[in-house]
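Asker: What follows is start33.cif, mmCIF, C-alpha atoms and all ligand atoms.
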data_final
loop_
_atom_site.label_atom_id
_atom_site.label_comp_id
_atom_site.auth_asym_id
_atom_site.auth_seq_id
_atom_site.Cartn_x
_atom_site.Cartn_y
_atom_site.Cartn_z
CA MET A 1 91.23 -114.61 48.17
CA THR A 2 91.54 -111.53 45.97
CA ARG A 3 90.95 -112.29 42.30
CA LEU A 4 89.96 -109.10 40.60
CA ILE A 5 89.64 -108.10 36.96
CA PHE A 6 89.69 -104.45 35.88
CA LEU A 7 87.58 -103.48 32.87
CA GLY A 8 87.14 -100.00 31.46
CA PRO A 9 88.07 -97.69 28.60
CA PRO A 10 91.70 -96.68 28.08
CA GLY A 11 92.52 -93.96 30.60
CA ALA A 12 89.75 -94.87 33.07
CA GLY A 13 92.42 -95.57 35.69
CA LYS A 14 92.71 -99.37 35.47
CA GLY A 15 96.51 -99.47 35.65
CA THR A 16 96.64 -96.73 38.28
CA GLN A 17 94.13 -98.40 40.61
CA ALA A 18 95.19 -101.99 39.96
CA LYS A 19 98.68 -101.11 41.22
CA VAL A 20 97.35 -99.52 44.43
CA LEU A 21 94.98 -102.39 45.20
CA ALA A 22 97.59 -105.06 44.44
CA ASP A 23 99.86 -103.43 47.07
CA PHE A 24 96.95 -103.19 49.50
CA PHE A 25 95.87 -106.83 49.11
CA GLN A 26 99.46 -108.10 48.68
CA VAL A 27 98.77 -109.93 45.43
CA PRO A 28 100.51 -109.61 42.04
CA HIS A 29 99.39 -106.90 39.64
CA ILE A 30 99.20 -108.57 36.24
CA SER A 31 98.91 -105.96 33.48
CA THR A 32 98.82 -107.36 29.95
CA GLY A 33 99.77 -103.89 28.63
CA ASP A 34 102.87 -103.81 30.88
CA ILE A 35 103.90 -107.35 29.93
CA LEU A 36 103.50 -106.53 26.22
CA ARG A 37 105.45 -103.25 26.56
CA GLN A 38 108.27 -105.15 28.34
CA ALA A 39 108.28 -107.70 25.49
CA ILE A 40 108.63 -104.80 23.02
CA THR A 41 111.52 -103.31 25.01
CA ASP A 42 113.22 -106.73 25.10
CA GLN A 43 112.49 -107.23 21.37
CA THR A 44 111.24 -110.80 21.95
CA ALA A 45 109.29 -112.54 19.16
CA LEU A 46 106.06 -111.67 21.01
CA GLY A 47 107.16 -108.04 21.38
CA VAL A 48 107.98 -107.64 17.70
CA LYS A 49 104.53 -108.97 16.75
CA ALA A 50 102.67 -107.00 19.44
CA GLN A 51 104.28 -103.68 18.52
CA GLU A 52 102.60 -103.40 15.11
CA TYR A 53 99.16 -103.68 16.77
CA MET A 54 99.84 -101.53 19.82
CA ASP A 55 101.34 -98.62 17.89
CA LYS A 56 98.08 -98.37 15.91
CA GLY A 57 95.86 -98.79 18.98
CA ASP A 58 94.59 -102.20 17.84
CA LEU A 59 94.24 -105.20 20.12
CA VAL A 60 97.02 -107.75 19.97
CA PRO A 61 95.57 -111.08 18.63
CA ASP A 62 93.74 -113.12 21.28
CA GLN A 63 95.92 -116.20 21.00
CA LEU A 64 99.15 -114.32 21.73
CA VAL A 65 97.72 -112.57 24.80
CA GLN A 66 95.97 -115.71 26.05
CA ASP A 67 99.19 -117.77 25.96
CA MET A 68 100.95 -114.99 27.85
CA VAL A 69 98.23 -114.80 30.55
CA GLU A 70 98.08 -118.58 30.95
CA GLU A 71 101.81 -118.70 31.58
CA ARG A 72 101.63 -115.81 34.07
CA LEU A 73 98.68 -117.22 36.05
CA GLN A 74 100.47 -120.56 36.51
CA LYS A 75 103.37 -118.90 38.36
CA SER A 76 103.53 -119.63 42.08
CA ASP A 77 102.87 -116.05 43.25
CA ALA A 78 99.51 -116.05 41.42
CA GLN A 79 98.22 -118.96 43.50
CA LYS A 80 97.45 -116.60 46.42
CA GLY A 81 95.34 -114.24 44.26
CA TRP A 82 95.90 -111.55 41.62
CA ILE A 83 94.64 -108.40 40.02
CA LEU A 84 94.28 -108.63 36.26
CA ASP A 85 94.51 -105.27 34.51
CA GLY A 86 93.62 -105.09 30.81
CA PHE A 87 92.60 -108.73 30.38
CA PRO A 88 90.15 -109.94 29.16
CA ARG A 89 89.49 -107.37 26.44
CA THR A 90 87.28 -109.47 24.14
CA VAL A 91 84.50 -111.96 24.75
CA SER A 92 86.67 -114.75 23.43
CA GLN A 93 89.44 -113.81 25.93
CA ALA A 94 86.78 -113.91 28.68
CA VAL A 95 85.62 -117.39 27.64
CA PHE A 96 89.24 -118.52 27.56
CA LEU A 97 89.88 -117.08 31.04
CA GLY A 98 86.73 -118.69 32.48
CA ASN A 99 87.84 -122.10 31.20
CA LEU A 100 91.40 -121.59 32.42
CA LEU A 101 90.29 -120.59 35.92
CA ASP A 102 87.90 -123.55 36.14
CA ARG A 103 90.84 -125.76 35.30
CA ILE A 104 93.57 -124.26 37.50
CA GLN A 105 92.08 -122.14 40.28
CA GLY A 106 88.29 -122.32 40.55
CA ASP A 107 85.69 -119.79 39.57
CA SER A 108 85.64 -116.94 42.10
CA GLU A 109 86.84 -113.83 40.27
CA ARG A 110 85.07 -110.48 40.47
CA VAL A 111 85.12 -107.82 37.80
CA VAL A 112 85.32 -104.07 38.32
CA ASN A 113 83.98 -101.89 35.55
CA LEU A 114 85.80 -98.57 35.98
CA ASP A 115 84.02 -95.99 33.91
CA ALA A 116 84.82 -92.42 32.81
CA PRO A 117 83.55 -90.20 29.95
CA ASP A 118 85.46 -90.03 26.67
CA GLU A 119 86.61 -86.42 26.99
CA ILE A 120 88.07 -87.10 30.44
CA VAL A 121 90.00 -90.18 29.34
CA VAL A 122 91.29 -88.45 26.21
CA SER A 123 92.66 -85.53 28.22
CA ARG A 124 94.26 -87.85 30.81
CA LEU A 125 95.97 -89.94 28.15
CA LEU A 126 97.19 -86.88 26.21
CA GLY A 127 98.71 -85.73 29.51
CA ARG A 128 100.47 -89.07 30.02
CA GLY A 129 102.05 -89.02 26.54
CA ARG A 130 102.96 -92.70 26.09
CA LYS A 131 103.90 -93.78 22.54
CA ASP A 132 100.30 -94.92 21.85
CA ASP A 133 98.83 -91.76 23.41
CA SER A 134 98.51 -89.48 20.36
CA GLU A 135 94.98 -88.15 19.87
CA ASP A 136 94.25 -90.21 16.71
CA VAL A 137 95.43 -93.44 18.31
CA ILE A 138 93.52 -92.70 21.54
CA ARG A 139 90.27 -92.15 19.58
CA HIS A 140 90.88 -95.40 17.73
CA ARG A 141 91.49 -97.24 21.04
CA LEU A 142 88.19 -95.87 22.33
CA ASN A 143 86.37 -97.22 19.25
CA VAL A 144 88.05 -100.59 19.67
CA TYR A 145 87.04 -100.53 23.34
CA ARG A 146 83.38 -99.87 22.45
CA ARG A 147 83.31 -102.53 19.77
CA ASP A 148 85.34 -105.35 21.36
CA THR A 149 85.59 -104.77 25.12
CA ALA A 150 82.38 -103.02 26.23
CA PRO A 151 80.30 -106.21 25.52
CA LEU A 152 82.12 -107.72 28.51
CA ILE A 153 80.07 -105.47 30.81
CA GLN A 154 76.97 -107.44 29.88
CA TYR A 155 78.89 -110.72 29.80
CA TYR A 156 80.05 -110.38 33.42
CA GLY A 157 76.81 -108.67 34.50
CA ASP A 158 74.86 -111.73 33.31
CA ARG A 159 77.16 -113.89 35.44
CA GLN A 160 76.61 -111.71 38.58
CA LYS A 161 80.32 -110.88 38.78
CA LEU A 162 80.25 -107.17 37.95
CA LEU A 163 80.85 -104.15 40.19
CA THR A 164 80.77 -100.66 38.68
CA VAL A 165 82.85 -97.79 40.07
CA ASN A 166 82.93 -94.19 38.84
CA GLY A 167 86.46 -93.49 37.58
CA ASN A 168 85.72 -89.79 37.11
CA GLN A 169 86.91 -88.73 40.57
CA SER A 170 90.32 -88.07 42.12
CA GLN A 171 92.62 -91.10 42.32
CA GLU A 172 92.14 -91.26 46.11
CA GLU A 173 88.36 -91.12 45.78
CA VAL A 174 88.39 -93.89 43.19
CA THR A 175 90.57 -96.04 45.49
CA SER A 176 88.15 -95.57 48.41
CA ALA A 177 85.13 -96.34 46.23
CA LEU A 178 86.84 -99.49 44.95
CA LYS A 179 87.71 -100.73 48.44
CA MET A 180 84.11 -100.15 49.54
CA ALA A 181 82.66 -101.94 46.49
CA ILE A 182 84.98 -104.91 46.86
CA THR A 183 84.48 -105.47 50.58
CA VAL A 184 80.67 -105.26 50.50
P1 LIG B 201 96.93 -100.85 28.55
O1 LIG B 201 98.34 -100.91 28.98
O2 LIG B 201 95.96 -101.73 29.28
O3 LIG B 201 96.52 -99.29 28.65
P2 LIG B 201 95.20 -98.43 28.73
O4 LIG B 201 93.95 -99.21 28.45
O5 LIG B 201 95.47 -97.25 27.87
O6 LIG B 201 94.96 -97.90 30.19
P3 LIG B 201 95.92 -97.77 31.42
O7 LIG B 201 95.48 -98.80 32.40
O8 LIG B 201 97.33 -97.84 31.09
O9 LIG B 201 95.76 -96.27 31.92
P4 LIG B 201 95.14 -95.68 33.21
O10 LIG B 201 93.71 -95.66 32.84
O11 LIG B 201 95.50 -96.32 34.50
O12 LIG B 201 96.80 -101.22 26.99
C1 LIG B 201 97.65 -100.67 26.00
C2 LIG B 201 97.58 -101.51 24.71
O13 LIG B 201 98.07 -102.87 24.94
C3 LIG B 201 96.18 -101.75 24.10
O14 LIG B 201 95.75 -100.65 23.30
C4 LIG B 201 96.42 -103.06 23.27
O15 LIG B 201 97.04 -102.78 22.05
C5 LIG B 201 97.40 -103.85 24.13
N1 LIG B 201 96.73 -104.83 25.01
C6 LIG B 201 96.75 -104.82 26.39
N2 LIG B 201 96.01 -105.84 26.87
C7 LIG B 201 95.51 -106.51 25.79
C8 LIG B 201 94.63 -107.63 25.63
N3 LIG B 201 94.11 -108.27 26.70
N4 LIG B 201 94.30 -108.05 24.39
C9 LIG B 201 94.78 -107.44 23.31
N5 LIG B 201 95.60 -106.35 23.38
C10 LIG B 201 95.96 -105.88 24.61
O16 LIG B 201 95.79 -94.23 33.31
C11 LIG B 201 95.83 -93.32 32.26
C12 LIG B 201 96.28 -91.93 32.76
O17 LIG B 201 95.26 -91.37 33.57
C13 LIG B 201 97.55 -91.93 33.60
O18 LIG B 201 98.34 -90.85 33.21
C14 LIG B 201 97.04 -91.75 35.03
O19 LIG B 201 97.95 -91.08 35.86
C15 LIG B 201 95.80 -90.91 34.80
N6 LIG B 201 94.77 -91.14 35.81
C16 LIG B 201 94.36 -92.35 36.29
N7 LIG B 201 93.38 -92.19 37.19
C17 LIG B 201 93.14 -90.84 37.28
C18 LIG B 201 92.20 -90.03 38.04
N8 LIG B 201 91.32 -90.57 38.89
N9 LIG B 201 92.24 -88.68 37.85
C19 LIG B 201 93.11 -88.13 36.99
N10 LIG B 201 94.01 -88.83 36.25
C20 LIG B 201 94.03 -90.18 36.39
#
Write out the structure in this file as structure tokens.

Answerer:
Amino acid sequence: MTRLIFLGPPGAGKGTQAKVLADFFQVPHISTGDILRQAITDQTALGVKAQEYMDKGDLVPDQLVQDMVEERLQKSDAQKGWILDGFPRTVSQAVFLGNLLDRIQGDSERVVNLDAPDEIVVSRLLGRGRKDDSEDVIRHRLNVYRRDTAPLIQYYGDRQKLLTVNGNQSQEEVTSALKMAITV
């Protein structure tokens, strides 16, 4: 069963590759960023709260994102596998996810660390031009990534769940490298 988590700095290609692999493995692509952006568009209570954090490039508080992920992973389509893109982003989200999976699905997820240098991710994100893709906000997101999310590399490495793939290649090359790493 495919249960894959994508880690990596903003702009490393998590969303891009998660979509391709979800189609390939026929499992849902669960992107916390996409769910939060949809909540903002719909102006739900969650969206209104999330927007103030996302516009600044800060992480949305753990509890809000955890409730959202728990609800999504309990849906019937997630019982056949999933690709999680953008979650967990903090050690406490990772602990929460580990406990949730033990409870509802069993502990068999693998984690891909997709890496790319800062200057590459900054230029990709400036090219994309989403609302949170101004240079100041991107630099702030990179700092938040280093402080809050990068510790997950060690966390999952210690648990023998981590695969690392070089995100600094063409999209097709990254996809091939991912498929190789996952099927080994
Ligand atoms: P996300 O939506 O997860 O966005 P992201 O980290 O910026 O990366 P994304 O996956 O979209 O981009 P990709 O690298 O694929 O998060 C946005 C915000 O939501 C966060 O800042 C936070 O506020 C909030 N949030 C989300 N999850 C949260 C959580 N768990 N806890 C708290 N807050 C949370 O692609 C970027 C660009 O690069 C694209 O234009 C793409 O076309 C291009 N690209 C990709 N691969 C390429 C390649 N190989 N070569 C050239 N270009 C490439």

Asker: Against ligand LIG 201 (chain B), which residues of chain A fall within 8 Å? For each one I want the closest pair of atoms and the distance in Å (one decimal), counting only C-alpha atoms and all ligand atoms, rows by chain and increasing residue number, as JSON lines.

Answerer:
{"residue": "A:Gly8", "atom": "CA", "partner": "B:LIG201", "partner_atom": "O4", "distance": 7.5}
{"residue": "A:Pro9", "atom": "CA", "partner": "B:LIG201", "partner_atom": "O4", "distance": 6.1}
{"residue": "A:Pro10", "atom": "CA", "partner": "B:LIG201", "partner_atom": "O4", "distance": 3.4}
{"residue": "A:Gly11", "atom": "CA", "partner": "B:LIG201", "partner_atom": "O10", "distance": 3.1}
{"residue": "A:Ala12", "atom": "CA", "partner": "B:LIG201", "partner_atom": "O10", "distance": 4.0}
{"residue": "A:Gly13", "atom": "CA", "partner": "B:LIG201", "partner_atom": "O10", "distance": 3.1}
{"residue": "A:Lys14", "atom": "CA", "partner": "B:LIG201", "partner_atom": "O7", "distance": 4.2}
{"residue": "A:Gly15", "atom": "CA", "partner": "B:LIG201", "partner_atom": "O7", "distance": 3.5}
{"residue": "A:Thr16", "atom": "CA", "partner": "B:LIG201", "partner_atom": "O11", "distance": 4.0}
{"residue": "A:Gln17", "atom": "CA", "partner": "B:LIG201", "partner_atom": "O11", "distance": 6.6}
{"residue": "A:Ala18", "atom": "CA", "partner": "B:LIG201", "partner_atom": "O11", "distance": 7.9}
{"residue": "A:Ser31", "atom": "CA", "partner": "B:LIG201", "partner_atom": "O2", "distance": 6.7}
{"residue": "A:Thr32", "atom": "CA", "partner": "B:LIG201", "partner_atom": "N2", "distance": 4.4}
{"residue": "A:Gly33", "atom": "CA", "partner": "B:LIG201", "partner_atom": "O1", "distance": 3.3}
{"residue": "A:Asp34", "atom": "CA", "partner": "B:LIG201", "partner_atom": "O1", "distance": 5.7}
{"residue": "A:Leu36", "atom": "CA", "partner": "B:LIG201", "partner_atom": "O13", "distance": 6.7}
{"residue": "A:Arg37", "atom": "CA", "partner": "B:LIG201", "partner_atom": "O13", "distance": 7.6}
{"residue": "A:Ala50", "atom": "CA", "partner": "B:LIG201", "partner_atom": "O15", "distance": 7.5}
{"residue": "A:Tyr53", "atom": "CA", "partner": "B:LIG201", "partner_atom": "O15", "distance": 5.8}
{"residue": "A:Met54", "atom": "CA", "partner": "B:LIG201", "partner_atom": "O15", "distance": 3.8}
{"residue": "A:Asp55", "atom": "CA", "partner": "B:LIG201", "partner_atom": "O15", "distance": 7.3}
{"residue": "A:Lys56", "atom": "CA", "partner": "B:LIG201", "partner_atom": "O15", "distance": 7.6}
{"residue": "A:Gly57", "atom": "CA", "partner": "B:LIG201", "partner_atom": "O14", "distance": 4.7}
{"residue": "A:Asp58", "atom": "CA", "partner": "B:LIG201", "partner_atom": "O15", "distance": 4.9}
{"residue": "A:Leu59", "atom": "CA", "partner": "B:LIG201", "partner_atom": "N5", "distance": 3.7}
{"residue": "A:Val60", "atom": "CA", "partner": "B:LIG201", "partner_atom": "N5", "distance": 4.0}
{"residue": "A:Pro61", "atom": "CA", "partner": "B:LIG201", "partner_atom": "C9", "distance": 6.0}
{"residue": "A:Asp62", "atom": "CA", "partner": "B:LIG201", "partner_atom": "N4", "distance": 6.0}
{"residue": "A:Val65", "atom": "CA", "partner": "B:LIG201", "partner_atom": "N4", "distance": 5.7}
{"residue": "A:Gln66", "atom": "CA", "partner": "B:LIG201", "partner_atom": "N3", "distance": 7.7}
{"residue": "A:Asp85", "atom": "CA", "partner": "B:LIG201", "partner_atom": "O2", "distance": 6.5}
{"residue": "A:Gly86", "atom": "CA", "partner": "B:LIG201", "partner_atom": "O2", "distance": 4.4}
{"residue": "A:Phe87", "atom": "CA", "partner": "B:LIG201", "partner_atom": "N3", "distance": 4.0}
{"residue": "A:Pro88", "atom": "CA", "partner": "B:LIG201", "partner_atom": "N3", "distance": 5.0}
{"residue": "A:Arg89", "atom": "CA", "partner": "B:LIG201", "partner_atom": "N3", "distance": 4.7}
{"residue": "A:Thr90", "atom": "CA", "partner": "B:LIG201", "partner_atom": "N4", "distance": 7.2}
{"residue": "A:Gln93", "atom": "CA", "partner": "B:LIG201", "partner_atom": "N3", "distance": 7.3}
{"residue": "A:Val121", "atom": "CA", "partner": "B:LIG201", "partner_atom": "O17", "distance": 6.9}
{"residue": "A:Arg124", "atom": "CA", "partner": "B:LIG201", "partner_atom": "O17", "distance": 4.6}
{"residue": "A:Leu125", "atom": "CA", "partner": "B:LIG201", "partner_atom": "C12", "distance": 5.0}
{"residue": "A:Gly127", "atom": "CA", "partner": "B:LIG201", "partner_atom": "O18", "distance": 6.3}
{"residue": "A:Arg128", "atom": "CA", "partner": "B:LIG201", "partner_atom": "O18", "distance": 4.2}
{"residue": "A:Gly129", "atom": "CA", "partner": "B:LIG201", "partner_atom": "O18", "distance": 7.8}
{"residue": "A:Asp132", "atom": "CA", "partner": "B:LIG201", "partner_atom": "O14", "distance": 7.5}
{"residue": "A:Asp133", "atom": "CA", "partner": "B:LIG201", "partner_atom": "O5", "distance": 7.8}
{"residue": "A:Arg141", "atom": "CA", "partner": "B:LIG201", "partner_atom": "O14", "distance": 5.9}
{"residue": "A:Gly167", "atom": "CA", "partner": "B:LIG201", "partner_atom": "N8", "distance": 5.8}
{"residue": "A:Asn168", "atom": "CA", "partner": "B:LIG201", "partner_atom": "N8", "distance": 5.9}
{"residue": "A:Gln169", "atom": "CA", "partner": "B:LIG201", "partner_atom": "N8", "distance": 5.1}
{"residue": "A:Ser170", "atom": "CA", "partner": "B:LIG201", "partner_atom": "N8", "distance": 4.2}
{"residue": "A:Gln171", "atom": "CA", "partner": "B:LIG201", "partner_atom": "N8", "distance": 3.7}
{"residue": "A:Glu172", "atom": "CA", "partner": "B:LIG201", "partner_atom": "N8", "distance": 7.3}
{"residue": "A:Glu173", "atom": "CA", "partner": "B:LIG201", "partner_atom": "N8", "distance": 7.5}
{"residue": "A:Val174", "atom": "CA", "partner": "B:LIG201", "partner_atom": "N8", "distance": 6.2}

Asker: With distances taken over all atoms listed in the file, which of A:Ser134, A:Ser92, A:Gln154, A:Ser176 is nearest to A:Gln63?

Answerer: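 Among A:Ser134, A:Ser92, A:Gln154, A:Ser176, it is A:Ser92 that comes nearest to A:Gln63.
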
Asker: Between A:Leu84, A:Leu73, A:Ala39, A:Ala181, which one has atoms that come closest to A:Arg3, using all atoms listed in the file?

Answerer: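 That would be A:Leu84, the residue with the smallest distance to A:Arg3.
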
Asker: May I ask which of the residues A:Val95, A:Val20, A:Val112, A:Ile104 is the closest one to A:Ile5, counting all atoms listed in the file?

Answerer: A:Val112

Asker: Dig up all the protein and nucleic acid residues within 12 Å of (94.3, -111.7, 43.3) in the file frame, using all atoms listed in the file, and format them as a PDB file with C-alpha atoms, keeping the file's coordinate frame.

Answerer:
ATOM      1  CA  MET A   1      91.230-114.610  48.170  1.00  0.00           C
ATOM      2  CA  THR A   2      91.540-111.530  45.970  1.00  0.00           C
ATOM      3  CA  ARG A   3      90.950-112.290  42.300  1.00  0.00           C
ATOM      4  CA  LEU A   4      89.960-109.100  40.600  1.00  0.00           C
ATOM      5  CA  ILE A   5      89.640-108.100  36.960  1.00  0.00           C
ATOM      6  CA  PHE A   6      89.690-104.450  35.880  1.00  0.00           C
ATOM      7  CA  ALA A  18      95.190-101.990  39.960  1.00  0.00           C
ATOM      8  CA  LYS A  19      98.680-101.110  41.220  1.00  0.00           C
ATOM      9  CA  LEU A  21      94.980-102.390  45.200  1.00  0.00           C
ATOM     10  CA  ALA A  22      97.590-105.060  44.440  1.00  0.00           C
ATOM     11  CA  ASP A  23      99.860-103.430  47.070  1.00  0.00           C
ATOM     12  CA  PHE A  24      96.950-103.190  49.500  1.00  0.00           C
ATOM     13  CA  PHE A  25      95.870-106.830  49.110  1.00  0.00           C
ATOM     14  CA  GLN A  26      99.460-108.100  48.680  1.00  0.00           C
ATOM     15  CA  VAL A  27      98.770-109.930  45.430  1.00  0.00           C
ATOM     16  CA  PRO A  28     100.510-109.610  42.040  1.00  0.00           C
ATOM     17  CA  HIS A  29      99.390-106.900  39.640  1.00  0.00           C
ATOM     18  CA  ILE A  30      99.200-108.570  36.240  1.00  0.00           C
ATOM     19  CA  LEU A  73      98.680-117.220  36.050  1.00  0.00           C
ATOM     20  CA  ASP A  77     102.870-116.050  43.250  1.00  0.00           C
ATOM     21  CA  ALA A  78      99.510-116.050  41.420  1.00  0.00           C
ATOM     22  CA  GLN A  79      98.220-118.960  43.500  1.00  0.00           C
ATOM     23  CA  LYS A  80      97.450-116.600  46.420  1.00  0.00           C
ATOM     24  CA  GLY A  81      95.340-114.240  44.260  1.00  0.00           C
ATOM     25  CA  TRP A  82      95.900-111.550  41.620  1.00  0.00           C
ATOM     26  CA  ILE A  83      94.640-108.400  40.020  1.00  0.00           C
ATOM     27  CA  LEU A  84      94.280-108.630  36.260  1.00  0.00           C
ATOM     28  CA  ASP A  85      94.510-105.270  34.510  1.00  0.00           C
ATOM     29  CA  GLN A 105      92.080-122.140  40.280  1.00  0.00           C
ATOM     30  CA  SER A 108      85.640-116.940  42.100  1.00  0.00           C
ATOM     31  CA  GLU A 109      86.840-113.830  40.270  1.00  0.00           C
ATOM     32  CA  ARG A 110      85.070-110.480  40.470  1.00  0.00           C
ATOM     33  CA  VAL A 111      85.120-107.820  37.800  1.00  0.00           C
TER      34      VAL A 111
END
